[in-house]
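Novice: One structure, pasted below without further comment.
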Amino acid sequence: MSATVLRPAVPSRFRRGHTRATVETLLDEISRLTVERQRLRDRGVNGSRLERNRVRLARKQWELSHALIERYVPSDSKAV
């Protein structure tokens with residue numbers, strides 16, 4: 001009998017693309033999206049524009065976490 005490894009379903013918006021941004025690029029994008037979000041909130045914008053910004057910001061944060069893992073976890077540790 002063999003064990004089957006189940007992976008949690010990942011929403012399509014959080015699947016990794018073929019091209020990967022650098023940590024520095026992602027930090028810049030997160031900063032830009034954060035400023036944009038604050039401006040939207042200052043202007044009292046609610047609804048879909050704020051939600052789209054939230055989703056883009058969450059995606060960039062998710063990408064950043066994976067970019068940092070790739071940068072700092074040794075290659076042989078990833079195979080475990």
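Please note that chains go A, B, ... in the order of the structure tokens, that every chain numbers its residues from 1, and that ligands are numbered from 1 in the order shown.
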Got a sec: who's within 9 Å of Ala67 in chain A, counting only C-alpha atoms, leaving out chain neighbours fewer than 6 positions off, as a PDB file with N, CA, C and O atoms, in the first residue's frame?
Specialist:
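part-v5.pdb was written with the following content:
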ATOM      1  N   ARG A  20       9.547  34.603 -12.590  1.00  0.00           N
ATOM      2  CA  ARG A  20       9.507  34.949 -11.171  1.00  0.00           C
ATOM      3  C   ARG A  20      10.204  36.272 -10.949  1.00  0.00           C
ATOM      4  O   ARG A  20      11.330  36.471 -11.391  1.00  0.00           O
ATOM      5  N   ALA A  21       9.528  37.150 -10.240  1.00  0.00           N
ATOM      6  CA  ALA A  21      10.085  38.453  -9.918  1.00  0.00           C
ATOM      7  C   ALA A  21      11.090  38.308  -8.775  1.00  0.00           C
ATOM      8  O   ALA A  21      11.004  37.382  -7.968  1.00  0.00           O
ATOM      9  N   THR A  22      12.016  39.242  -8.699  1.00  0.00           N
ATOM     10  CA  THR A  22      12.988  39.226  -7.612  1.00  0.00           C
ATOM     11  C   THR A  22      12.329  39.719  -6.324  1.00  0.00           C
ATOM     12  O   THR A  22      11.267  40.362  -6.361  1.00  0.00           O
ATOM     13  N   VAL A  23      12.971  39.442  -5.214  1.00  0.00           N
ATOM     14  CA  VAL A  23      12.487  39.912  -3.914  1.00  0.00           C
ATOM     15  C   VAL A  23      12.368  41.431  -3.934  1.00  0.00           C
ATOM     16  O   VAL A  23      11.364  42.002  -3.489  1.00  0.00           O
ATOM     17  N   LEU A  26       9.387  42.636  -5.978  1.00  0.00           N
ATOM     18  CA  LEU A  26       8.145  42.365  -5.260  1.00  0.00           C
ATOM     19  C   LEU A  26       7.938  43.348  -4.117  1.00  0.00           C
ATOM     20  O   LEU A  26       6.815  43.818  -3.892  1.00  0.00           O
TER      21      LEU A  26
END
Novice: Need to verify the contact set: Gln61 in chain A, 9 Å, only C-alpha atoms, exclusion of same-chain residues closer than 3 positions in sequence. Can you return it as a PyMOL selection string?
Specialist: chain A and resi 26-27+30+56-58+64-66
